[in-house]
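Pasting structure19.cif here (mmCIF, N, CA and C atoms):
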```cif
data_query
#
loop_
_atom_site.label_atom_id
_atom_site.label_comp_id
_atom_site.auth_asym_id
_atom_site.auth_seq_id
_atom_site.Cartn_x
_atom_site.Cartn_y
_atom_site.Cartn_z
N MET A 8 -2.99 42.77 -47.22
CA MET A 8 -2.01 41.77 -47.60
C MET A 8 -2.08 41.57 -49.11
N LEU A 9 -0.95 41.28 -49.72
CA LEU A 9 -0.92 41.04 -51.15
C LEU A 9 -1.68 39.76 -51.47
N PRO A 10 -2.38 39.73 -52.60
CA PRO A 10 -3.10 38.51 -52.95
C PRO A 10 -2.12 37.37 -53.19
N ALA A 11 -2.52 36.18 -52.76
CA ALA A 11 -1.65 35.01 -52.90
C ALA A 11 -1.50 34.59 -54.36
N ALA A 12 -2.48 34.89 -55.18
CA ALA A 12 -2.48 34.40 -56.55
C ALA A 12 -1.60 35.21 -57.50
N ALA A 13 -1.41 36.48 -57.24
CA ALA A 13 -0.66 37.30 -58.19
C ALA A 13 0.06 38.43 -57.48
N LEU A 14 1.28 38.68 -57.93
CA LEU A 14 2.05 39.80 -57.41
C LEU A 14 1.81 40.97 -58.35
N PRO A 15 1.15 42.02 -57.86
CA PRO A 15 0.86 43.16 -58.75
C PRO A 15 2.15 43.87 -59.15
N PRO A 16 2.13 44.59 -60.25
CA PRO A 16 3.32 45.35 -60.63
C PRO A 16 3.55 46.49 -59.64
N ALA A 17 4.80 46.83 -59.45
CA ALA A 17 5.14 47.96 -58.58
C ALA A 17 4.64 49.24 -59.23
N LYS A 18 3.98 50.09 -58.45
CA LYS A 18 3.48 51.36 -58.98
C LYS A 18 4.43 52.50 -58.63
N GLY A 19 5.11 52.37 -57.51
CA GLY A 19 6.07 53.39 -57.08
C GLY A 19 7.49 53.00 -57.45
N LYS A 20 8.44 53.69 -56.85
CA LYS A 20 9.85 53.41 -57.10
C LYS A 20 10.19 52.02 -56.57
N VAL A 21 10.78 51.19 -57.41
CA VAL A 21 11.18 49.85 -57.01
C VAL A 21 12.36 49.96 -56.04
N ILE A 22 12.20 49.37 -54.84
CA ILE A 22 13.29 49.40 -53.87
C ILE A 22 13.86 48.01 -53.58
N LEU A 23 13.19 46.96 -54.10
CA LEU A 23 13.71 45.61 -53.93
C LEU A 23 13.38 44.78 -55.16
N THR A 24 14.39 44.11 -55.69
CA THR A 24 14.21 43.18 -56.79
C THR A 24 14.63 41.80 -56.32
N ILE A 25 13.74 40.82 -56.48
CA ILE A 25 14.06 39.44 -56.15
C ILE A 25 14.13 38.68 -57.46
N SER A 26 15.28 38.05 -57.70
CA SER A 26 15.51 37.31 -58.94
C SER A 26 15.88 35.87 -58.62
N GLY A 27 16.14 35.10 -59.67
CA GLY A 27 16.53 33.71 -59.49
C GLY A 27 15.31 32.81 -59.40
N LYS A 28 15.30 31.96 -58.40
CA LYS A 28 14.24 30.96 -58.25
C LYS A 28 13.01 31.57 -57.59
N VAL A 29 12.26 32.33 -58.39
CA VAL A 29 11.01 32.93 -57.92
C VAL A 29 9.87 32.44 -58.81
N GLY A 30 8.77 32.08 -58.19
CA GLY A 30 7.62 31.58 -58.93
C GLY A 30 6.61 32.65 -59.27
N GLU A 31 6.66 33.77 -58.56
CA GLU A 31 5.72 34.88 -58.78
C GLU A 31 6.52 36.07 -59.28
N LYS A 32 6.31 36.41 -60.55
CA LYS A 32 7.08 37.49 -61.18
C LYS A 32 6.13 38.60 -61.62
N ASN A 33 6.60 39.84 -61.51
CA ASN A 33 5.79 40.96 -61.98
C ASN A 33 6.58 41.91 -62.87
N ALA A 34 7.83 41.53 -63.18
CA ALA A 34 8.68 42.36 -64.05
C ALA A 34 9.67 41.44 -64.76
N GLY A 35 9.25 40.90 -65.89
CA GLY A 35 10.12 39.96 -66.60
C GLY A 35 10.33 38.70 -65.77
N ALA A 36 11.59 38.38 -65.51
CA ALA A 36 11.93 37.18 -64.73
C ALA A 36 12.05 37.48 -63.23
N ASN A 37 11.69 38.68 -62.82
CA ASN A 37 11.90 39.12 -61.44
C ASN A 37 10.60 39.46 -60.71
N ALA A 38 10.72 39.50 -59.40
CA ALA A 38 9.65 40.03 -58.55
C ALA A 38 10.16 41.36 -58.01
N GLU A 39 9.46 42.44 -58.33
CA GLU A 39 9.87 43.77 -57.89
C GLU A 39 8.87 44.30 -56.87
N PHE A 40 9.41 45.00 -55.87
CA PHE A 40 8.59 45.56 -54.79
C PHE A 40 8.89 47.04 -54.63
N ASP A 41 7.81 47.81 -54.48
CA ASP A 41 7.97 49.20 -54.04
C ASP A 41 7.64 49.22 -52.54
N LEU A 42 7.82 50.35 -51.90
CA LEU A 42 7.59 50.43 -50.46
C LEU A 42 6.15 50.10 -50.09
N ASP A 43 5.20 50.58 -50.88
CA ASP A 43 3.79 50.32 -50.59
C ASP A 43 3.50 48.82 -50.57
N MET A 44 4.07 48.08 -51.50
CA MET A 44 3.85 46.63 -51.55
C MET A 44 4.41 45.96 -50.29
N LEU A 45 5.59 46.39 -49.87
CA LEU A 45 6.19 45.82 -48.66
C LEU A 45 5.37 46.18 -47.42
N GLU A 46 4.82 47.40 -47.40
CA GLU A 46 4.01 47.83 -46.25
C GLU A 46 2.66 47.11 -46.20
N LYS A 47 2.20 46.56 -47.31
CA LYS A 47 0.93 45.82 -47.32
C LYS A 47 1.09 44.41 -46.76
N LEU A 48 2.32 43.93 -46.67
CA LEU A 48 2.56 42.64 -46.03
C LEU A 48 2.41 42.84 -44.51
N PRO A 49 2.12 41.77 -43.76
CA PRO A 49 2.03 41.92 -42.30
C PRO A 49 3.33 42.53 -41.76
N GLN A 50 3.19 43.50 -40.89
CA GLN A 50 4.35 44.21 -40.33
C GLN A 50 4.66 43.70 -38.93
N ARG A 51 5.93 43.65 -38.63
CA ARG A 51 6.40 43.28 -37.29
C ARG A 51 7.32 44.39 -36.79
N THR A 52 7.35 44.56 -35.51
CA THR A 52 8.25 45.53 -34.89
C THR A 52 8.93 44.86 -33.71
N TYR A 53 10.23 45.01 -33.63
CA TYR A 53 10.94 44.60 -32.42
C TYR A 53 12.15 45.49 -32.21
N THR A 54 12.59 45.51 -30.96
CA THR A 54 13.75 46.30 -30.57
C THR A 54 14.90 45.35 -30.31
N THR A 55 16.05 45.66 -30.87
CA THR A 55 17.23 44.82 -30.67
C THR A 55 18.48 45.69 -30.69
N GLN A 56 19.50 45.21 -30.03
CA GLN A 56 20.80 45.89 -30.02
C GLN A 56 21.61 45.39 -31.21
N THR A 57 22.11 46.29 -32.01
CA THR A 57 22.99 45.90 -33.11
C THR A 57 24.43 46.26 -32.74
N PRO A 58 25.41 45.65 -33.39
CA PRO A 58 26.80 46.02 -33.09
C PRO A 58 27.19 47.38 -33.67
N TRP A 59 26.32 47.98 -34.47
CA TRP A 59 26.64 49.24 -35.15
C TRP A 59 26.07 50.46 -34.44
N ASP A 60 25.24 50.23 -33.44
CA ASP A 60 24.58 51.35 -32.76
C ASP A 60 24.82 51.26 -31.25
N LYS A 61 24.90 52.41 -30.60
CA LYS A 61 25.15 52.44 -29.16
C LYS A 61 23.92 52.06 -28.34
N GLN A 62 22.74 52.36 -28.87
CA GLN A 62 21.50 52.08 -28.16
C GLN A 62 20.68 51.05 -28.96
N PRO A 63 19.82 50.28 -28.28
CA PRO A 63 18.92 49.39 -29.01
C PRO A 63 18.05 50.19 -29.99
N ILE A 64 17.74 49.58 -31.11
CA ILE A 64 16.95 50.22 -32.17
C ILE A 64 15.64 49.45 -32.35
N LYS A 65 14.55 50.20 -32.55
CA LYS A 65 13.25 49.59 -32.86
C LYS A 65 13.12 49.52 -34.38
N PHE A 66 13.04 48.29 -34.90
CA PHE A 66 12.93 48.06 -36.34
C PHE A 66 11.51 47.63 -36.69
N THR A 67 11.03 48.07 -37.85
CA THR A 67 9.70 47.69 -38.34
C THR A 67 9.81 47.29 -39.80
N GLY A 68 9.08 46.23 -40.16
CA GLY A 68 9.01 45.79 -41.55
C GLY A 68 8.40 44.41 -41.60
N PRO A 69 8.21 43.89 -42.81
CA PRO A 69 7.70 42.53 -42.93
C PRO A 69 8.79 41.53 -42.59
N LEU A 70 8.38 40.34 -42.18
CA LEU A 70 9.35 39.28 -42.01
C LEU A 70 9.93 38.92 -43.37
N LEU A 71 11.22 38.65 -43.41
CA LEU A 71 11.85 38.29 -44.67
C LEU A 71 11.16 37.08 -45.29
N ARG A 72 10.76 36.11 -44.47
CA ARG A 72 10.11 34.91 -45.02
C ARG A 72 8.79 35.26 -45.70
N ASP A 73 8.08 36.30 -45.22
CA ASP A 73 6.83 36.71 -45.86
C ASP A 73 7.09 37.36 -47.22
N VAL A 74 8.17 38.12 -47.32
CA VAL A 74 8.53 38.73 -48.60
C VAL A 74 8.90 37.64 -49.60
N LEU A 75 9.68 36.66 -49.15
CA LEU A 75 10.07 35.55 -50.02
C LEU A 75 8.84 34.75 -50.44
N ALA A 76 7.89 34.57 -49.53
CA ALA A 76 6.65 33.84 -49.86
C ALA A 76 5.84 34.60 -50.89
N ALA A 77 5.80 35.93 -50.80
CA ALA A 77 5.05 36.74 -51.78
C ALA A 77 5.63 36.56 -53.18
N ALA A 78 6.94 36.32 -53.26
CA ALA A 78 7.59 36.09 -54.56
C ALA A 78 7.63 34.61 -54.91
N LYS A 79 7.08 33.78 -54.03
CA LYS A 79 7.14 32.32 -54.20
C LYS A 79 8.57 31.87 -54.48
N ALA A 80 9.48 32.36 -53.64
CA ALA A 80 10.89 32.02 -53.77
C ALA A 80 11.13 30.61 -53.24
N SER A 81 11.98 29.87 -53.95
CA SER A 81 12.33 28.52 -53.51
C SER A 81 13.80 28.28 -53.85
N GLY A 82 14.59 28.15 -52.83
CA GLY A 82 16.02 27.91 -53.02
C GLY A 82 16.65 27.64 -51.68
N THR A 83 17.97 27.61 -51.65
CA THR A 83 18.69 27.35 -50.41
C THR A 83 19.54 28.53 -49.96
N THR A 84 19.85 29.44 -50.90
CA THR A 84 20.72 30.57 -50.57
C THR A 84 20.13 31.86 -51.12
N LEU A 85 20.19 32.90 -50.30
CA LEU A 85 19.80 34.24 -50.73
C LEU A 85 21.07 35.05 -50.92
N LYS A 86 21.29 35.53 -52.13
CA LYS A 86 22.45 36.37 -52.41
C LYS A 86 21.98 37.82 -52.36
N ALA A 87 22.21 38.44 -51.22
CA ALA A 87 21.75 39.81 -50.99
C ALA A 87 22.79 40.80 -51.49
N ALA A 88 22.33 41.85 -52.17
CA ALA A 88 23.23 42.90 -52.67
C ALA A 88 22.70 44.25 -52.22
N ALA A 89 23.64 45.12 -51.85
CA ALA A 89 23.30 46.44 -51.33
C ALA A 89 23.66 47.53 -52.34
N LEU A 90 23.10 48.71 -52.12
CA LEU A 90 23.38 49.87 -52.97
C LEU A 90 24.87 50.22 -52.98
N ASN A 91 25.57 49.93 -51.88
CA ASN A 91 27.00 50.24 -51.79
C ASN A 91 27.88 49.09 -52.30
N ASP A 92 27.27 48.14 -53.03
CA ASP A 92 27.93 46.98 -53.62
C ASP A 92 28.34 45.91 -52.62
N PHE A 93 27.94 46.04 -51.35
CA PHE A 93 28.15 44.96 -50.38
C PHE A 93 27.31 43.77 -50.81
N LYS A 94 27.88 42.58 -50.70
CA LYS A 94 27.15 41.35 -51.03
C LYS A 94 27.34 40.35 -49.90
N THR A 95 26.30 39.59 -49.63
CA THR A 95 26.39 38.56 -48.60
C THR A 95 25.45 37.41 -48.96
N ASP A 96 25.83 36.22 -48.55
CA ASP A 96 24.99 35.04 -48.75
C ASP A 96 24.29 34.70 -47.44
N ILE A 97 22.99 34.48 -47.54
CA ILE A 97 22.17 34.15 -46.37
C ILE A 97 21.48 32.82 -46.64
N PRO A 98 21.66 31.82 -45.78
CA PRO A 98 20.92 30.57 -45.96
C PRO A 98 19.41 30.84 -45.84
N VAL A 99 18.64 30.28 -46.75
CA VAL A 99 17.18 30.46 -46.70
C VAL A 99 16.64 29.99 -45.35
N GLN A 100 17.25 28.95 -44.79
CA GLN A 100 16.77 28.43 -43.51
C GLN A 100 16.82 29.47 -42.40
N ASP A 101 17.70 30.48 -42.51
CA ASP A 101 17.71 31.56 -41.51
C ASP A 101 16.37 32.28 -41.49
N ALA A 102 15.79 32.49 -42.66
CA ALA A 102 14.52 33.23 -42.76
C ALA A 102 13.36 32.45 -42.14
N THR A 103 13.47 31.13 -42.11
CA THR A 103 12.41 30.33 -41.49
C THR A 103 12.69 30.10 -40.00
N LYS A 104 13.96 30.00 -39.65
CA LYS A 104 14.35 29.72 -38.26
C LYS A 104 14.23 30.94 -37.35
N TYR A 105 14.55 32.11 -37.89
CA TYR A 105 14.56 33.34 -37.10
C TYR A 105 13.55 34.34 -37.66
N ASP A 106 13.05 35.23 -36.81
CA ASP A 106 12.13 36.28 -37.25
C ASP A 106 12.93 37.46 -37.82
N MET A 107 13.55 37.22 -38.96
CA MET A 107 14.34 38.26 -39.62
C MET A 107 13.40 39.27 -40.25
N LEU A 108 13.72 40.54 -40.06
CA LEU A 108 12.92 41.61 -40.66
C LEU A 108 13.58 42.14 -41.91
N LEU A 109 12.76 42.54 -42.84
CA LEU A 109 13.19 43.38 -43.95
C LEU A 109 12.74 44.78 -43.52
N ALA A 110 13.54 45.38 -42.66
CA ALA A 110 13.15 46.63 -42.00
C ALA A 110 13.17 47.81 -42.97
N HIS A 111 12.10 48.61 -42.90
CA HIS A 111 12.03 49.86 -43.66
C HIS A 111 11.87 51.05 -42.72
N LYS A 112 11.79 50.76 -41.40
CA LYS A 112 11.73 51.83 -40.40
C LYS A 112 12.67 51.51 -39.25
N MET A 113 13.32 52.57 -38.75
CA MET A 113 14.12 52.49 -37.53
C MET A 113 13.56 53.52 -36.57
N ASN A 114 13.21 53.06 -35.38
CA ASN A 114 12.61 53.95 -34.37
C ASN A 114 11.42 54.72 -34.93
N GLY A 115 10.61 54.03 -35.73
CA GLY A 115 9.37 54.60 -36.25
C GLY A 115 9.50 55.49 -37.46
N GLU A 116 10.71 55.70 -37.94
CA GLU A 116 10.94 56.59 -39.09
C GLU A 116 11.48 55.81 -40.28
N PRO A 117 11.10 56.22 -41.51
CA PRO A 117 11.69 55.58 -42.69
C PRO A 117 13.22 55.67 -42.62
N ILE A 118 13.88 54.65 -43.14
CA ILE A 118 15.35 54.61 -43.08
C ILE A 118 15.92 55.27 -44.33
N PRO A 119 16.58 56.42 -44.19
CA PRO A 119 17.19 57.05 -45.36
C PRO A 119 18.42 56.25 -45.81
N VAL A 120 18.78 56.39 -47.08
CA VAL A 120 19.93 55.68 -47.62
C VAL A 120 21.18 55.96 -46.79
N ARG A 121 21.36 57.19 -46.36
CA ARG A 121 22.59 57.54 -45.63
C ARG A 121 22.70 56.85 -44.27
N THR A 122 21.60 56.32 -43.75
CA THR A 122 21.66 55.60 -42.47
C THR A 122 21.10 54.19 -42.61
N LYS A 123 21.57 53.48 -43.62
CA LYS A 123 21.30 52.05 -43.81
C LYS A 123 20.03 51.73 -44.59
N GLY A 124 19.34 52.70 -45.15
CA GLY A 124 18.09 52.43 -45.85
C GLY A 124 18.27 52.27 -47.34
N PRO A 125 17.19 52.09 -48.04
CA PRO A 125 15.82 52.10 -47.55
C PRO A 125 15.40 50.79 -46.87
N LEU A 126 16.17 49.71 -47.12
CA LEU A 126 15.84 48.42 -46.52
C LEU A 126 17.05 47.85 -45.81
N PHE A 127 16.79 47.14 -44.71
CA PHE A 127 17.85 46.61 -43.87
C PHE A 127 17.41 45.22 -43.40
N ILE A 128 18.19 44.19 -43.73
CA ILE A 128 17.90 42.85 -43.22
C ILE A 128 18.41 42.77 -41.79
N VAL A 129 17.49 42.53 -40.85
CA VAL A 129 17.83 42.54 -39.43
C VAL A 129 17.45 41.20 -38.79
N TYR A 130 18.38 40.64 -38.08
CA TYR A 130 18.10 39.46 -37.25
C TYR A 130 17.66 39.95 -35.86
N PRO A 131 16.89 39.14 -35.14
CA PRO A 131 16.53 39.50 -33.76
C PRO A 131 17.70 39.14 -32.82
N TYR A 132 18.78 39.90 -32.91
CA TYR A 132 20.04 39.57 -32.24
C TYR A 132 19.89 39.26 -30.76
N ASP A 133 19.02 39.98 -30.08
CA ASP A 133 18.90 39.83 -28.63
C ASP A 133 18.14 38.57 -28.20
N THR A 134 17.50 37.88 -29.12
CA THR A 134 16.66 36.75 -28.74
C THR A 134 17.45 35.46 -28.54
N LYS A 135 18.61 35.35 -29.18
CA LYS A 135 19.42 34.13 -29.07
C LYS A 135 20.89 34.51 -29.05
N GLN A 136 21.62 33.93 -28.14
CA GLN A 136 23.06 34.18 -28.03
C GLN A 136 23.77 33.87 -29.35
N GLU A 137 23.32 32.80 -30.03
CA GLU A 137 23.98 32.38 -31.28
C GLU A 137 23.95 33.47 -32.36
N LEU A 138 23.00 34.40 -32.27
CA LEU A 138 22.90 35.46 -33.28
C LEU A 138 23.86 36.62 -33.02
N GLN A 139 24.52 36.60 -31.89
CA GLN A 139 25.40 37.70 -31.51
C GLN A 139 26.85 37.40 -31.88
N ASN A 140 27.07 37.20 -33.18
CA ASN A 140 28.44 36.97 -33.66
C ASN A 140 28.56 37.44 -35.11
N ASN A 141 29.78 37.49 -35.59
CA ASN A 141 30.04 38.05 -36.92
C ASN A 141 29.36 37.30 -38.05
N THR A 142 29.12 36.00 -37.90
CA THR A 142 28.44 35.25 -38.96
C THR A 142 27.11 35.91 -39.30
N TYR A 143 26.32 36.21 -38.27
CA TYR A 143 25.00 36.80 -38.49
C TYR A 143 25.08 38.30 -38.76
N TYR A 144 26.03 38.98 -38.15
CA TYR A 144 26.19 40.40 -38.42
C TYR A 144 26.54 40.62 -39.90
N GLU A 145 27.38 39.74 -40.46
CA GLU A 145 27.78 39.88 -41.86
C GLU A 145 26.65 39.56 -42.83
N ARG A 146 25.64 38.85 -42.37
CA ARG A 146 24.47 38.54 -43.21
C ARG A 146 23.43 39.65 -43.16
N SER A 147 23.64 40.62 -42.31
CA SER A 147 22.67 41.70 -42.10
C SER A 147 22.95 42.84 -43.08
N ALA A 148 22.41 42.70 -44.27
CA ALA A 148 22.67 43.69 -45.33
C ALA A 148 21.79 44.92 -45.14
N TRP A 149 22.43 46.09 -45.08
CA TRP A 149 21.66 47.33 -45.10
C TRP A 149 21.81 47.94 -46.48
N GLN A 150 21.03 48.95 -46.78
CA GLN A 150 20.94 49.53 -48.12
C GLN A 150 20.62 48.43 -49.14
N LEU A 151 19.82 47.45 -48.72
CA LEU A 151 19.49 46.31 -49.57
C LEU A 151 18.78 46.78 -50.84
N LYS A 152 19.22 46.24 -51.99
CA LYS A 152 18.54 46.56 -53.25
C LYS A 152 18.02 45.31 -53.95
N SER A 153 18.68 44.15 -53.73
CA SER A 153 18.24 42.96 -54.44
C SER A 153 18.59 41.69 -53.69
N ILE A 154 17.82 40.65 -54.00
CA ILE A 154 18.07 39.31 -53.48
C ILE A 154 17.96 38.36 -54.67
N ASP A 155 19.02 37.59 -54.88
CA ASP A 155 19.02 36.56 -55.92
C ASP A 155 18.85 35.22 -55.21
N VAL A 156 17.76 34.52 -55.49
CA VAL A 156 17.45 33.26 -54.82
C VAL A 156 18.09 32.13 -55.61
N GLN A 157 18.98 31.41 -54.97
CA GLN A 157 19.69 30.30 -55.62
C GLN A 157 19.25 28.97 -55.04
#
```
Turn this file's structure into structure tokens for me.
Amino acid sequence: MLPAAALPPAKGKVILTISGKVGEKNAGANAEFDLDMLEKLPQRTYTTQTPWDKQPIKFTGPLLRDVLAAAKASGTTLKAAALNDFKTDIPVQDATKYDMLLAHKMNGEPIPVRTKGPLFIVYPYDTKQELQNNTYYERSAWQLKSIDVQ
């Protein structure tokens, strides 16, 4: 697990930048993460049906709330941006209320950019009926590159 006192600098390719209201920075005003840093956080795996796939998918990654905690993020809105320029706003309370994953694996394999990678914000859609609607589907950013905490 990453030390609570300091976020080390990314040694590999940066795949996630968290900006805005972050208390733990390792690159100027931002918190940057490479895959190794994300993999050092506690990992969770669950299988859920998404509206984009015919079969349920097994996702693995840290909980989004753990990633935000590593950056000491404090705000009310997460402005997620993807490599394909998709943007969505996610209430911070979603990350505490639901076991949202910052998935880096689908069915045990790294997620390539061409199939929603390298990072995918996933809700546990099958756990609550309320998560099975467009509000939550639209908050599920794939090809995630950055989160601006407001």
Output as a Markdown table one row per residue of region 75-126 of chain A within 5 Å of region 10-31 of chain A: the closest atom pair and its distance in Å to one decimal place, counting only N, CA and C atoms, sorted by chain and residue number ascending.
```
| residue | atom | partner | partner_atom | distance |
| --- | --- | --- | --- | --- |
| A:Ala78 | C | A:Glu31 | N | 3.9 |
| A:Lys79 | C | A:Gly30 | N | 3.7 |
| A:Ala80 | CA | A:Val29 | CA | 4.3 |
| A:Ser81 | N | A:Lys28 | C | 4.1 |
```
Could you pull out all residues of chain A with a DSSP call of strand (DSSP E) and give them as a CSV table (one decimal) with N, CA and C atoms, in the frame of the given file?
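Writing the result to selection.csv gives the following:
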```csv
chain,number,residue,atom,x,y,z
A,21,VAL,N,10.8,51.2,-57.4
A,21,VAL,CA,11.2,49.8,-57.0
A,21,VAL,C,12.4,50.0,-56.0
A,22,ILE,N,12.2,49.4,-54.8
A,22,ILE,CA,13.3,49.4,-53.9
A,22,ILE,C,13.9,48.0,-53.6
A,23,LEU,N,13.2,47.0,-54.1
A,23,LEU,CA,13.7,45.6,-53.9
A,23,LEU,C,13.4,44.8,-55.2
A,24,THR,N,14.4,44.1,-55.7
A,24,THR,CA,14.2,43.2,-56.8
A,24,THR,C,14.6,41.8,-56.3
A,25,ILE,N,13.7,40.8,-56.5
A,25,ILE,CA,14.1,39.4,-56.2
A,25,ILE,C,14.1,38.7,-57.5
A,26,SER,N,15.3,38.0,-57.7
A,26,SER,CA,15.5,37.3,-58.9
A,26,SER,C,15.9,35.9,-58.6
A,27,GLY,N,16.1,35.1,-59.7
A,27,GLY,CA,16.5,33.7,-59.5
A,27,GLY,C,15.3,32.8,-59.4
A,38,ALA,N,10.7,39.5,-59.4
A,38,ALA,CA,9.6,40.0,-58.6
A,38,ALA,C,10.2,41.4,-58.0
A,39,GLU,N,9.5,42.4,-58.3
A,39,GLU,CA,9.9,43.8,-57.9
A,39,GLU,C,8.9,44.3,-56.9
A,40,PHE,N,9.4,45.0,-55.9
A,40,PHE,CA,8.6,45.6,-54.8
A,40,PHE,C,8.9,47.0,-54.6
A,41,ASP,N,7.8,47.8,-54.5
A,41,ASP,CA,8.0,49.2,-54.0
A,41,ASP,C,7.6,49.2,-52.5
A,50,GLN,N,3.2,43.5,-40.9
A,50,GLN,CA,4.4,44.2,-40.3
A,50,GLN,C,4.7,43.7,-38.9
A,51,ARG,N,5.9,43.6,-38.6
A,51,ARG,CA,6.4,43.3,-37.3
A,51,ARG,C,7.3,44.4,-36.8
A,52,THR,N,7.4,44.6,-35.5
A,52,THR,CA,8.2,45.5,-34.9
A,52,THR,C,8.9,44.9,-33.7
A,53,TYR,N,10.2,45.0,-33.6
A,53,TYR,CA,10.9,44.6,-32.4
A,53,TYR,C,12.2,45.5,-32.2
A,54,THR,N,12.6,45.5,-31.0
A,54,THR,CA,13.8,46.3,-30.6
A,54,THR,C,14.9,45.4,-30.3
A,55,THR,N,16.0,45.7,-30.9
A,55,THR,CA,17.2,44.8,-30.7
A,55,THR,C,18.5,45.7,-30.7
A,64,ILE,N,17.7,49.6,-31.1
A,64,ILE,CA,17.0,50.2,-32.2
A,64,ILE,C,15.6,49.4,-32.4
A,65,LYS,N,14.6,50.2,-32.6
A,65,LYS,CA,13.2,49.6,-32.9
A,65,LYS,C,13.1,49.5,-34.4
A,66,PHE,N,13.0,48.3,-34.9
A,66,PHE,CA,12.9,48.1,-36.3
A,66,PHE,C,11.5,47.6,-36.7
A,67,THR,N,11.0,48.1,-37.8
A,67,THR,CA,9.7,47.7,-38.3
A,67,THR,C,9.8,47.3,-39.8
A,68,GLY,N,9.1,46.2,-40.2
A,68,GLY,CA,9.0,45.8,-41.6
A,68,GLY,C,8.4,44.4,-41.6
A,69,PRO,N,8.2,43.9,-42.8
A,69,PRO,CA,7.7,42.5,-42.9
A,69,PRO,C,8.8,41.5,-42.6
A,84,THR,N,19.8,29.4,-50.9
A,84,THR,CA,20.7,30.6,-50.6
A,84,THR,C,20.1,31.9,-51.1
A,85,LEU,N,20.2,32.9,-50.3
A,85,LEU,CA,19.8,34.2,-50.7
A,85,LEU,C,21.1,35.0,-50.9
A,86,LYS,N,21.3,35.5,-52.1
A,86,LYS,CA,22.4,36.4,-52.4
A,86,LYS,C,22.0,37.8,-52.4
A,87,ALA,N,22.2,38.4,-51.2
A,87,ALA,CA,21.8,39.8,-51.0
A,87,ALA,C,22.8,40.8,-51.5
A,88,ALA,N,22.3,41.8,-52.2
A,88,ALA,CA,23.2,42.9,-52.7
A,88,ALA,C,22.7,44.2,-52.2
A,89,ALA,N,23.6,45.1,-51.8
A,89,ALA,CA,23.3,46.4,-51.3
A,89,ALA,C,23.7,47.5,-52.3
A,94,LYS,N,27.9,42.6,-50.7
A,94,LYS,CA,27.2,41.4,-51.0
A,94,LYS,C,27.3,40.4,-49.9
A,95,THR,N,26.3,39.6,-49.6
A,95,THR,CA,26.4,38.6,-48.6
A,95,THR,C,25.4,37.4,-49.0
A,96,ASP,N,25.8,36.2,-48.6
A,96,ASP,CA,25.0,35.0,-48.8
A,96,ASP,C,24.3,34.7,-47.4
A,97,ILE,N,23.0,34.5,-47.5
A,97,ILE,CA,22.2,34.2,-46.4
A,97,ILE,C,21.5,32.8,-46.6
A,98,PRO,N,21.7,31.8,-45.8
A,98,PRO,CA,20.9,30.6,-46.0
A,98,PRO,C,19.4,30.8,-45.8
A,108,LEU,N,13.7,40.5,-40.1
A,108,LEU,CA,12.9,41.6,-40.7
A,108,LEU,C,13.6,42.1,-41.9
A,109,LEU,N,12.8,42.5,-42.8
A,109,LEU,CA,13.2,43.4,-44.0
A,109,LEU,C,12.7,44.8,-43.5
A,110,ALA,N,13.5,45.4,-42.7
A,110,ALA,CA,13.2,46.6,-42.0
A,110,ALA,C,13.2,47.8,-43.0
A,112,LYS,N,11.8,50.8,-41.4
A,112,LYS,CA,11.7,51.8,-40.4
A,112,LYS,C,12.7,51.5,-39.2
A,113,MET,N,13.3,52.6,-38.8
A,113,MET,CA,14.1,52.5,-37.5
A,113,MET,C,13.6,53.5,-36.6
A,116,GLU,N,10.7,55.7,-37.9
A,116,GLU,CA,10.9,56.6,-39.1
A,116,GLU,C,11.5,55.8,-40.3
A,117,PRO,N,11.1,56.2,-41.5
A,117,PRO,CA,11.7,55.6,-42.7
A,117,PRO,C,13.2,55.7,-42.6
A,127,PHE,N,16.8,47.1,-44.7
A,127,PHE,CA,17.8,46.6,-43.9
A,127,PHE,C,17.4,45.2,-43.4
A,128,ILE,N,18.2,44.2,-43.7
A,128,ILE,CA,17.9,42.8,-43.2
A,128,ILE,C,18.4,42.8,-41.8
A,129,VAL,N,17.5,42.5,-40.8
A,129,VAL,CA,17.8,42.5,-39.4
A,129,VAL,C,17.4,41.2,-38.8
A,151,LEU,N,19.8,47.4,-48.7
A,151,LEU,CA,19.5,46.3,-49.6
A,151,LEU,C,18.8,46.8,-50.8
A,152,LYS,N,19.2,46.2,-52.0
A,152,LYS,CA,18.5,46.6,-53.2
A,152,LYS,C,18.0,45.3,-54.0
A,153,SER,N,18.7,44.2,-53.7
A,153,SER,CA,18.2,43.0,-54.4
A,153,SER,C,18.6,41.7,-53.7
A,154,ILE,N,17.8,40.6,-54.0
A,154,ILE,CA,18.1,39.3,-53.5
A,154,ILE,C,18.0,38.4,-54.7
A,155,ASP,N,19.0,37.6,-54.9
A,155,ASP,CA,19.0,36.6,-55.9
A,155,ASP,C,18.8,35.2,-55.2
A,156,VAL,N,17.8,34.5,-55.5
A,156,VAL,CA,17.4,33.3,-54.8
A,156,VAL,C,18.1,32.1,-55.6
```
Given the PyMOL selection byres (((chain A and resi 110 and name CA) around 6) and name CA), the residues it picks as a VMD selection string: chain A and resid 66 to 68 108 to 109 111 to 112 126 to 127
Spell out the residues picked by the PyMOL selection byres (((chain A and resi 86 and name CA) around 6) and name CA) here, as a VMD selection string. chain A and resid 85 87 95 to 96 154 to 155
Excluding Tyr53 (chain A) and any residue of its chain fewer than 3 positions from it, enumerate the residues within 12 Å of it, using only C-alpha atoms, and give them as a list in words. Gln50, Gln56, Pro63, Ile64, Lys65, Phe66, Thr67, Gly68, Pro69, Leu70, Asp106, Met107, Leu108, Leu109, Ala110, Lys112, Met113, Asn114, Gly115, Val129, Tyr130, Pro131, Tyr132, Asp133 and Thr134 of chain A
Output as a ChimeraX atom specification all residues of region 29-119 of chain A that backbone DSSP marks as alpha helix (DSSP H). /A:42-47,71-77,99-104
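If you look at atom C of Leu48 (chain A) and CA of Gln157 (chain A), they are 24.1 Å away from each other.
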Between CA of Leu151 (chain A) and CA of Thr122 (chain A) lies a distance of 11.9 Å
